[in-house]
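Trainee: Structure file structure_14.cif, mmCIF, C-alpha atoms, is pasted below:
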data_coords
#
loop_
_atom_site.label_atom_id
_atom_site.label_comp_id
_atom_site.auth_asym_id
_atom_site.auth_seq_id
_atom_site.Cartn_x
_atom_site.Cartn_y
_atom_site.Cartn_z
CA MET A 1 0.00 0.00 0.00
CA VAL A 2 2.84 2.40 0.85
CA ALA A 3 4.48 1.66 -2.49
CA LEU A 4 1.22 2.25 -4.37
CA VAL A 5 0.53 5.56 -2.62
CA GLY A 6 4.08 6.74 -3.25
CA TYR A 7 3.84 5.75 -6.89
CA ALA A 8 0.49 7.54 -7.28
CA LEU A 9 1.93 10.73 -5.78
CA LEU A 10 4.91 10.52 -8.15
CA VAL A 11 2.63 10.12 -11.19
CA ILE A 12 0.49 13.09 -10.10
CA ALA A 13 3.55 15.28 -9.51
CA ILE A 14 5.03 14.49 -12.92
CA THR A 15 1.65 14.99 -14.56
CA PHE A 16 1.22 18.49 -13.17
CA GLN A 17 4.88 19.44 -13.65
CA ARG A 18 4.75 18.49 -17.34
CA GLY A 19 1.31 19.98 -17.93
CA LEU A 20 -0.29 16.70 -18.96
CA ALA A 21 -3.97 15.90 -18.70
CA ILE A 22 -4.97 13.05 -16.36
CA THR A 23 -6.87 11.09 -19.00
CA PRO A 24 -7.86 7.39 -19.06
CA ASP A 25 -4.91 6.42 -21.26
CA VAL A 26 -2.38 8.15 -18.97
CA LEU A 27 -3.88 6.47 -15.90
CA ALA A 28 -3.95 3.06 -17.60
CA VAL A 29 -0.24 3.30 -18.37
CA ALA A 30 0.47 4.39 -14.80
CA PHE A 31 -1.52 1.51 -13.33
CA GLY A 32 0.09 -0.95 -15.73
CA LEU A 33 3.57 0.11 -14.67
CA SER A 34 2.65 -0.21 -11.00
CA ALA A 35 1.29 -3.71 -11.64
CA ILE A 36 4.57 -4.69 -13.32
CA VAL A 37 6.52 -3.35 -10.33
CA LEU A 38 4.32 -5.47 -8.04
CA GLY A 39 4.89 -8.55 -10.18
CA ARG A 40 1.33 -8.66 -11.57
CA GLY A 41 1.98 -7.23 -15.02
CA ARG A 42 0.73 -10.22 -17.03
CA LEU A 43 -2.42 -10.46 -14.92
CA PHE A 44 -3.02 -6.73 -15.37
CA PHE A 45 -2.90 -6.96 -19.17
CA ARG A 46 -5.19 -9.99 -19.12
CA ASP A 47 -7.83 -8.27 -17.01
CA TRP A 48 -7.52 -4.67 -18.18
CA ILE A 49 -7.07 -4.74 -21.96
CA PRO A 50 -10.79 -5.41 -22.63
CA PHE A 51 -11.77 -2.83 -19.96
CA ILE A 52 -9.60 -0.08 -21.43
CA ALA A 53 -10.63 -0.95 -25.00
CA LEU A 54 -14.34 -0.74 -24.15
CA LEU A 55 -13.94 2.48 -22.15
CA LEU A 56 -11.98 4.23 -24.89
CA ALA A 57 -14.45 2.97 -27.52
CA TYR A 58 -17.24 4.60 -25.55
CA GLU A 59 -15.29 7.86 -25.32
CA LEU A 60 -14.80 7.85 -29.09
CA MET A 61 -18.50 7.18 -29.75
CA ARG A 62 -19.84 9.68 -27.25
CA GLY A 63 -19.15 12.73 -29.41
CA VAL A 64 -21.39 11.55 -32.24
CA ALA A 65 -24.53 11.46 -30.10
CA ASP A 66 -25.24 15.16 -30.72
CA ASP A 67 -25.18 14.84 -34.53
CA THR A 68 -28.52 13.07 -34.99
CA GLY A 69 -30.57 16.18 -35.79
CA ILE A 70 -33.07 15.43 -33.00
CA ALA A 71 -34.41 18.55 -31.28
CA VAL A 72 -32.57 19.43 -28.08
CA HIS A 73 -34.62 19.29 -24.87
CA ILE A 74 -34.45 22.57 -22.93
CA GLU A 75 -37.78 23.83 -21.62
CA ASP A 76 -38.83 20.48 -20.15
CA LEU A 77 -35.60 20.27 -18.14
CA VAL A 78 -36.12 23.80 -16.84
CA LEU A 79 -39.65 22.82 -15.83
CA ALA A 80 -38.49 19.60 -14.14
CA ASP A 81 -35.96 21.44 -11.97
CA ARG A 82 -38.49 24.14 -11.08
CA ILE A 83 -40.90 21.42 -9.94
CA ILE A 84 -38.21 19.72 -7.87
CA ALA A 85 -37.09 23.02 -6.29
CA LEU A 86 -40.65 24.37 -5.81
CA GLY A 87 -40.33 27.05 -8.46
CA ALA A 88 -36.64 27.91 -8.08
CA ILE A 89 -33.67 27.01 -10.27
CA PRO A 90 -31.21 25.07 -8.06
CA THR A 91 -28.16 26.35 -9.97
CA GLN A 92 -29.32 29.91 -9.45
CA VAL A 93 -29.96 29.29 -5.74
CA LEU A 94 -26.45 27.87 -5.24
CA GLN A 95 -24.75 30.62 -7.22
CA ASP A 96 -26.66 33.36 -5.39
CA ALA A 97 -25.66 31.83 -2.05
CA LEU A 98 -22.02 30.92 -2.71
CA ARG A 99 -20.63 32.98 -5.56
CA PRO A 100 -18.47 35.94 -4.44
CA ALA A 101 -19.37 39.36 -5.81
CA THR A 102 -15.77 39.97 -6.94
CA GLY A 103 -12.50 38.09 -7.22
CA ASP A 104 -11.84 34.38 -7.58
CA ASP A 105 -14.58 31.91 -6.76
CA PRO A 106 -13.03 29.17 -4.59
CA TYR A 107 -16.19 27.07 -4.78
CA ALA A 108 -16.14 27.12 -8.58
CA ILE A 109 -12.46 26.17 -8.58
CA LEU A 110 -13.13 23.25 -6.21
CA ALA A 111 -16.15 22.20 -8.28
CA THR A 112 -14.06 22.27 -11.45
CA ILE A 113 -11.38 20.07 -9.87
CA VAL A 114 -14.10 17.59 -8.89
CA TYR A 115 -15.43 17.75 -12.45
CA MET A 116 -11.96 16.97 -13.85
CA LEU A 117 -11.76 13.77 -11.79
CA HIS A 118 -14.70 12.29 -13.71
CA PHE A 119 -12.51 10.20 -16.03
CA ALA A 120 -10.07 9.14 -13.31
CA LEU A 121 -12.65 7.78 -10.87
CA PRO A 122 -13.76 4.64 -12.79
CA LEU A 123 -10.17 3.56 -13.40
CA VAL A 124 -9.09 4.22 -9.81
CA THR A 125 -12.10 2.30 -8.50
CA GLY A 126 -11.42 -0.55 -10.89
CA TYR A 127 -7.78 -0.67 -9.81
CA VAL A 128 -8.67 -0.77 -6.10
CA LEU A 129 -11.12 -3.61 -6.69
CA TRP A 130 -8.66 -5.42 -8.94
CA MET A 131 -5.94 -5.27 -6.28
CA TRP A 132 -7.99 -6.27 -3.22
CA ARG A 133 -11.39 -7.59 -4.36
CA ARG A 134 -10.58 -9.00 -7.76
CA PRO A 135 -13.69 -11.18 -8.28
CA GLN A 136 -15.80 -8.05 -7.86
CA PHE A 137 -13.69 -6.17 -10.39
CA TYR A 138 -15.52 -8.03 -13.16
CA ASP A 139 -18.92 -7.07 -11.77
CA TYR A 140 -17.88 -3.43 -11.57
CA VAL A 141 -16.55 -3.38 -15.12
CA GLY A 142 -19.70 -5.02 -16.44
CA ALA A 143 -21.91 -2.49 -14.64
CA LEU A 144 -19.73 0.42 -15.78
CA ILE A 145 -19.93 -0.59 -19.43
CA LEU A 146 -23.68 -1.21 -19.20
CA LEU A 147 -24.15 2.20 -17.53
CA SER A 148 -22.02 4.00 -20.12
CA MET A 149 -23.78 2.42 -23.06
CA ALA A 150 -27.22 3.15 -21.56
CA GLY A 151 -26.15 6.76 -21.17
CA PHE A 152 -24.91 6.88 -24.75
CA VAL A 153 -28.22 5.55 -26.12
CA THR A 154 -30.09 8.13 -24.06
CA TYR A 155 -27.88 10.94 -25.37
CA LEU A 156 -28.54 9.65 -28.87
CA LEU A 157 -32.33 9.61 -28.51
CA ILE A 158 -32.87 12.44 -26.02
CA PRO A 159 -30.28 15.19 -26.45
CA ALA A 160 -30.61 17.36 -23.35
CA ALA A 161 -29.20 20.84 -22.80
CA PRO A 162 -27.33 21.64 -19.56
CA PRO A 163 -28.23 24.79 -17.60
CA TRP A 164 -25.49 26.92 -19.18
CA TYR A 165 -26.79 25.97 -22.65
CA ALA A 166 -30.33 26.88 -21.61
CA ALA A 167 -29.09 30.25 -20.32
CA ASP A 168 -27.29 30.96 -23.60
CA ALA A 169 -30.47 30.03 -25.51
CA GLY A 170 -32.55 32.50 -23.49
CA ALA A 171 -34.53 29.86 -21.56
CA LEU A 172 -33.14 31.02 -18.20
CA SER A 173 -33.52 34.80 -18.33
CA GLY A 174 -34.70 37.23 -15.67
CA PRO A 175 -37.13 40.15 -16.04
CA ASP A 176 -34.30 42.31 -17.39
CA GLY A 177 -33.42 39.73 -20.03
CA ALA A 178 -30.10 38.81 -18.39
CA PRO A 179 -29.30 35.12 -17.76
CA LEU A 180 -30.24 33.90 -14.29
CA ILE A 181 -27.09 31.79 -14.03
CA THR A 182 -23.46 32.00 -15.10
CA TYR A 183 -21.39 29.16 -16.51
CA LEU A 184 -18.60 29.10 -13.90
CA LYS A 185 -16.35 26.32 -15.18
CA PRO A 186 -14.50 28.17 -18.00
CA ALA A 187 -13.27 30.93 -15.67
CA ALA A 188 -12.33 28.42 -12.98
CA PHE A 189 -10.49 26.32 -15.58
CA GLU A 190 -8.52 29.37 -16.66
CA ARG A 191 -7.61 30.10 -13.04
CA LEU A 192 -6.46 26.54 -12.50
CA ALA A 193 -4.49 26.62 -15.74
CA GLU A 194 -2.64 29.75 -14.64
CA GLY A 195 -1.94 28.27 -11.20
CA PHE A 196 -0.54 24.99 -12.52
CA GLY A 197 1.20 26.44 -15.56
CA PHE A 198 -1.15 24.83 -18.10
CA ASP A 199 -2.18 28.11 -19.70
CA GLY A 200 -1.69 27.92 -23.47
CA SER A 201 -0.36 24.35 -23.40
CA PHE A 202 -1.63 21.77 -25.85
CA ALA A 203 -2.51 19.25 -23.15
CA TYR A 204 -4.55 21.81 -21.25
CA SER A 205 -6.51 22.72 -24.37
CA VAL A 206 -7.26 19.07 -25.05
CA ALA A 207 -8.36 18.52 -21.45
CA PHE A 208 -10.80 21.42 -21.57
CA ALA A 209 -12.16 21.16 -25.11
CA GLY A 210 -11.89 17.46 -25.83
CA VAL A 211 -12.88 15.70 -22.63
CA ASN A 212 -16.62 16.25 -23.13
CA PRO A 213 -17.28 16.86 -26.84
CA ASN A 214 -21.05 16.32 -26.60
CA LEU A 215 -22.60 19.62 -25.47
CA VAL A 216 -26.14 18.22 -25.13
CA ALA A 217 -25.48 15.16 -22.97
CA ALA A 218 -26.90 16.46 -19.72
CA PHE A 219 -29.45 13.70 -19.04
CA PRO A 220 -28.49 11.46 -17.30
CA SER A 221 -25.46 12.86 -15.50
CA LEU A 222 -22.68 10.30 -15.74
CA HIS A 223 -20.63 12.67 -13.58
CA VAL A 224 -23.03 11.67 -10.78
CA ALA A 225 -23.67 8.12 -12.00
CA TYR A 226 -20.00 7.03 -11.93
CA PRO A 227 -19.34 7.94 -8.27
CA PHE A 228 -22.66 6.40 -7.22
CA LEU A 229 -21.69 3.18 -9.01
CA THR A 230 -18.37 3.41 -7.19
CA PHE A 231 -20.29 3.68 -3.91
CA LEU A 232 -22.31 0.56 -4.70
CA ALA A 233 -19.20 -1.43 -5.65
CA LEU A 234 -17.01 -0.29 -2.75
CA ARG A 235 -19.79 -0.73 -0.20
CA ARG A 236 -20.20 -4.33 -1.37
CA GLY A 237 -16.47 -4.94 -1.47
CA PHE A 238 -15.23 -3.10 1.61
CA GLY A 239 -18.26 -2.53 3.81
CA ARG A 240 -18.52 0.71 5.77
CA ILE A 241 -15.55 2.40 4.16
CA GLY A 242 -17.46 2.34 0.87
CA TRP A 243 -19.88 4.90 2.29
CA LEU A 244 -17.18 7.53 1.78
CA ALA A 245 -17.96 7.27 -1.92
CA LEU A 246 -21.56 8.27 -1.20
CA GLY A 247 -20.28 11.49 0.35
CA TYR A 248 -18.18 12.06 -2.74
CA THR A 249 -21.26 11.49 -4.90
CA PHE A 250 -23.02 14.28 -2.99
CA LEU A 251 -20.00 16.57 -3.54
CA VAL A 252 -20.01 15.83 -7.27
CA THR A 253 -23.73 16.53 -7.45
CA LEU A 254 -23.36 19.93 -5.79
CA SER A 255 -20.37 20.73 -8.01
CA VAL A 256 -21.99 20.03 -11.38
CA ILE A 257 -25.18 21.86 -10.37
CA TYR A 258 -23.28 24.87 -9.04
CA THR A 259 -21.14 25.31 -12.15
CA GLY A 260 -24.17 25.02 -14.45
CA ASP A 261 -23.17 21.71 -16.03
CA HIS A 262 -26.18 19.67 -14.89
CA TRP A 263 -29.73 19.94 -13.62
CA VAL A 264 -30.97 18.24 -10.46
CA ILE A 265 -33.09 15.93 -12.62
CA ASP A 266 -29.88 14.86 -14.42
CA ALA A 267 -28.30 13.87 -11.11
CA ILE A 268 -31.37 11.90 -10.04
CA ALA A 269 -31.40 10.08 -13.38
CA GLY A 270 -27.67 9.35 -13.09
CA ILE A 271 -28.18 7.69 -9.71
CA ALA A 272 -31.09 5.66 -11.09
CA TYR A 273 -29.10 4.53 -14.14
CA ALA A 274 -26.15 3.46 -11.96
CA TYR A 275 -28.40 1.58 -9.54
CA VAL A 276 -30.13 -0.34 -12.32
CA ALA A 277 -26.87 -1.15 -14.14
CA TRP A 278 -25.26 -2.46 -10.95
CA TYR A 279 -28.16 -4.68 -9.93
CA VAL A 280 -28.66 -6.02 -13.44
CA ILE A 281 -25.11 -7.36 -13.23
CA VAL A 282 -25.00 -8.61 -9.63
CA SER A 283 -28.49 -10.15 -9.83
CA MET A 284 -27.52 -12.49 -12.66
CA PRO A 285 -27.39 -16.18 -11.70
CA PRO A 286 -23.94 -17.15 -10.33
CA THR A 287 -23.37 -19.62 -13.18
CA ILE A 288 -23.90 -16.90 -15.82
CA ARG A 289 -21.65 -14.45 -13.97
CA ALA A 290 -18.91 -17.07 -13.65
CA LYS A 291 -19.12 -17.89 -17.38
CA ALA A 292 -19.02 -14.18 -18.24
CA ARG A 293 -15.89 -13.67 -16.12
CA ASP A 294 -14.32 -16.74 -17.68
CA ALA A 295 -15.06 -15.40 -21.17
CA TRP A 296 -13.53 -12.05 -20.19
CA VAL A 297 -10.31 -13.81 -19.18
CA ARG A 298 -10.16 -15.64 -22.52
CA VAL A 299 -10.51 -12.46 -24.62
CA THR A 300 -6.81 -11.58 -24.71
CA LYS A 301 -5.61 -15.21 -24.66
CA LEU A 302 -2.63 -14.15 -22.57
CA VAL A 303 -3.39 -16.75 -19.93
CA PRO A 304 -4.93 -20.02 -21.16
CA GLY A 305 -7.37 -22.13 -19.25
CA ARG A 306 -10.21 -21.42 -16.88
CA MET A 307 -10.21 -19.15 -13.88
CA THR A 308 -9.56 -20.60 -10.46
CA ARG A 309 -12.37 -21.03 -7.95
CA ALA A 310 -10.86 -18.19 -5.92
CA ASP A 311 -11.18 -15.90 -8.92
CA SER A 312 -14.74 -16.79 -9.80
CA ALA A 313 -16.33 -17.23 -6.37
CA PRO A 314 -18.38 -14.22 -5.28
CA ARG A 315 -17.40 -12.37 -2.11
#
Show me, as structure tokens, the structure contained in the file I just sent.
Mentor:
Amino acid sequence: MVALVGYALLVIAITFQRGLAITPDVLAVAFGLSAIVLGRGRLFFRDWIPFIALLLAYELMRGVADDTGIAVHIEDLVLADRIIALGAIPTQVLQDALRPATGDDPYAILATIVYMLHFALPLVTGYVLWMWRRPQFYDYVGALILLSMAGFVTYLLIPAAPPWYAADAGALSGPDGAPLITYLKPAAFERLAEGFGFDGSFAYSVAFAGVNPNLVAAFPSLHVAYPFLTFLALRRGFGRIGWLALGYTFLVTLSVIYTGDHWVIDAIAGIAYAYVAWYVIVSMPPTIRAKARDAWVRVTKLVPGRMTRADSAPR
């Protein structure tokens, strides 16, 4: 554990010093190297190659979901949040309460950092499960892929505008015609870029502009769904300590609502999607789950033969 923590800190330090974005491919390489150091390199490639391939395939597909020509949902999302908040707009309420009148907004900066961890969380969770609760790693990966694909299909069929998009379109305007909310993430990103020396760098531009190419993928919020899925997996694998992930889910929810990236209804839908995806996987008959894990192992053909009983038995 000490070696892993030290290695993680070293990777983070080099990442920030060189101005690199913490993207899934960078993390995968880092985890692979740590597995080699721990003498589990071959096992890592066997278990993780299909995971990384599927995750990156989803990231490549996600940007095409806003090119279908289907009308973007705006007014119905505004109405849904007004119903939930008894007539108010939750993003507006949070910004009115927390946003400073002048100067830097520390809450927006914190919320943006939380937003940036969206792509790191699934890989970190998978790595923790793979190291200490490996049989449950397969369940988590299956649920994550099912969740991501369900989100993609929803984005394809129901393109949904986030609050900042609605404000730009004039759907969130006050009596004076001015937008009721402000999109806080771009300014916070610029502040972070200046602080870490990313300003003007290629990697920083890719991190900001390329991480989320679909501008109308608000519903459901995978930013909320991923940490909630992490909570479900860690609670099952580690007991009480997994509840920390539920607190993080709440922090993510506040962050994406405060910055104007998601509606409350998006967060609720994200939790629902994650819950369904998880229980679809773990509720399968044990024989089907064991066969699925065995098939996963055979995909890369790096290690022949069937899994051991220790690998396939549920915990």
Trainee: Listing only residues of stretch 212-256 of chain A within 10 Å of stretch 148-155 of chain A, what is the closest atom pair and its distance in Å (to one decimal) for each, using only C-alpha atoms, sorted by chain and residue number ascending, as a tab-separated table?
Mentor:
residue	atom	partner	partner_atom	distance
A:Asn214	CA	A:Tyr155	CA	8.8
A:Val216	CA	A:Tyr155	CA	7.5
A:Ala217	CA	A:Tyr155	CA	5.4
A:Ala218	CA	A:Tyr155	CA	8.0
A:Phe219	CA	A:Tyr155	CA	7.1
A:Pro220	CA	A:Gly151	CA	6.5
A:Ser221	CA	A:Gly151	CA	8.4
A:Leu222	CA	A:Gly151	CA	7.4
A:Ala225	CA	A:Ser148	CA	9.3
A:Tyr226	CA	A:Ser148	CA	9.0
Trainee: Quick one: which residues end up in the PyMOL selection byres ((chain A and resi 121) around 12) for this structure, as a count of residues only?
Mentor: 34
Trainee: Which one of A:Ala35, A:Ile49, A:Ala233, A:Leu184 sits closest to A:Pro135 if you count all atoms listed in the file?
Mentor: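 Closest to A:Pro135, using all atoms listed in the file: A:Ala233.
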Trainee: Applied to the shown file, which residues does the PyMOL selection byres ((chain A and resi 132) around 12) return, written as a compact mmCIF listing (two decimals) with C-alpha atoms, keeping the file's coordinate frame?
Mentor:
# COMPACT_ATOMS: atom_id res chain seq x y z
CA MET A 1 0.00 0.00 0.00
CA THR A 125 -12.10 2.30 -8.50
CA GLY A 126 -11.42 -0.55 -10.89
CA TYR A 127 -7.78 -0.67 -9.81
CA VAL A 128 -8.67 -0.77 -6.10
CA LEU A 129 -11.12 -3.61 -6.69
CA TRP A 130 -8.66 -5.42 -8.94
CA MET A 131 -5.94 -5.27 -6.28
CA ARG A 133 -11.39 -7.59 -4.36
CA ARG A 134 -10.58 -9.00 -7.76
CA PRO A 135 -13.69 -11.18 -8.28
CA GLN A 136 -15.80 -8.05 -7.86
CA PHE A 137 -13.69 -6.17 -10.39
CA LEU A 234 -17.01 -0.29 -2.75
CA GLY A 237 -16.47 -4.94 -1.47
CA PHE A 238 -15.23 -3.10 1.61
CA ASP A 311 -11.18 -15.90 -8.92
CA ARG A 315 -17.40 -12.37 -2.11
Trainee: Quick one: of A:Trp243, A:Ile265, A:Lys185, A:Gly170, who's nearest to A:Ala85, counting all atoms listed in the file?
Mentor: A:Ile265
Trainee: Specify as a list in words each residue included when the PyMOL selection byres ((chain A and resi 86-94) around 9) is applied to this file.
Mentor: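 After applying the PyMOL selection byres ((chain A and resi 86-94) around 9), what remains is Val78, Leu79, Asp81, Arg82, Ile83, Ile84, Ala85, Gln95, Asp96, Ala97, Leu98, Arg99, Pro163, Leu172, Leu180, Ile181, Thr182, Leu254, Val256, Ile257, Tyr258, Thr259, Gly260, His262, Trp263 and Val264 of chain A.
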Trainee: Record the distance separating atom CA of A:Arg191 and atom CA of A:Gly103, expressed in Å with one decimal.
Mentor: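 Distance between the two atoms: 11.0 Å.
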Trainee: Box time for stretch 281-289 of chain A: axis-aligned, enclosing all its listed atoms, 8 Å extra on each side; report centre and edge lengths in Å to one decimal, as AutoDock Vina command-line options.
Mentor:
--center_x -25.1 --center_y -13.5 --center_z -12.7 --size_x 22.8 --size_y 28.3 --size_z 22.2
Trainee: At what distance in Å, to one decimal, does atom CA of A:Ile158 lie from atom CA of A:Tyr273?
Mentor: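 Taking atom CA of A:Tyr273 as the start and atom CA of A:Ile158 as the end point, the length is 14.8 Å.
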Trainee: Any idea what the distance is between atom CA of A:Leu157 and atom CA of A:Tyr140?
Mentor: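 A separation of 25.8 Å between them.
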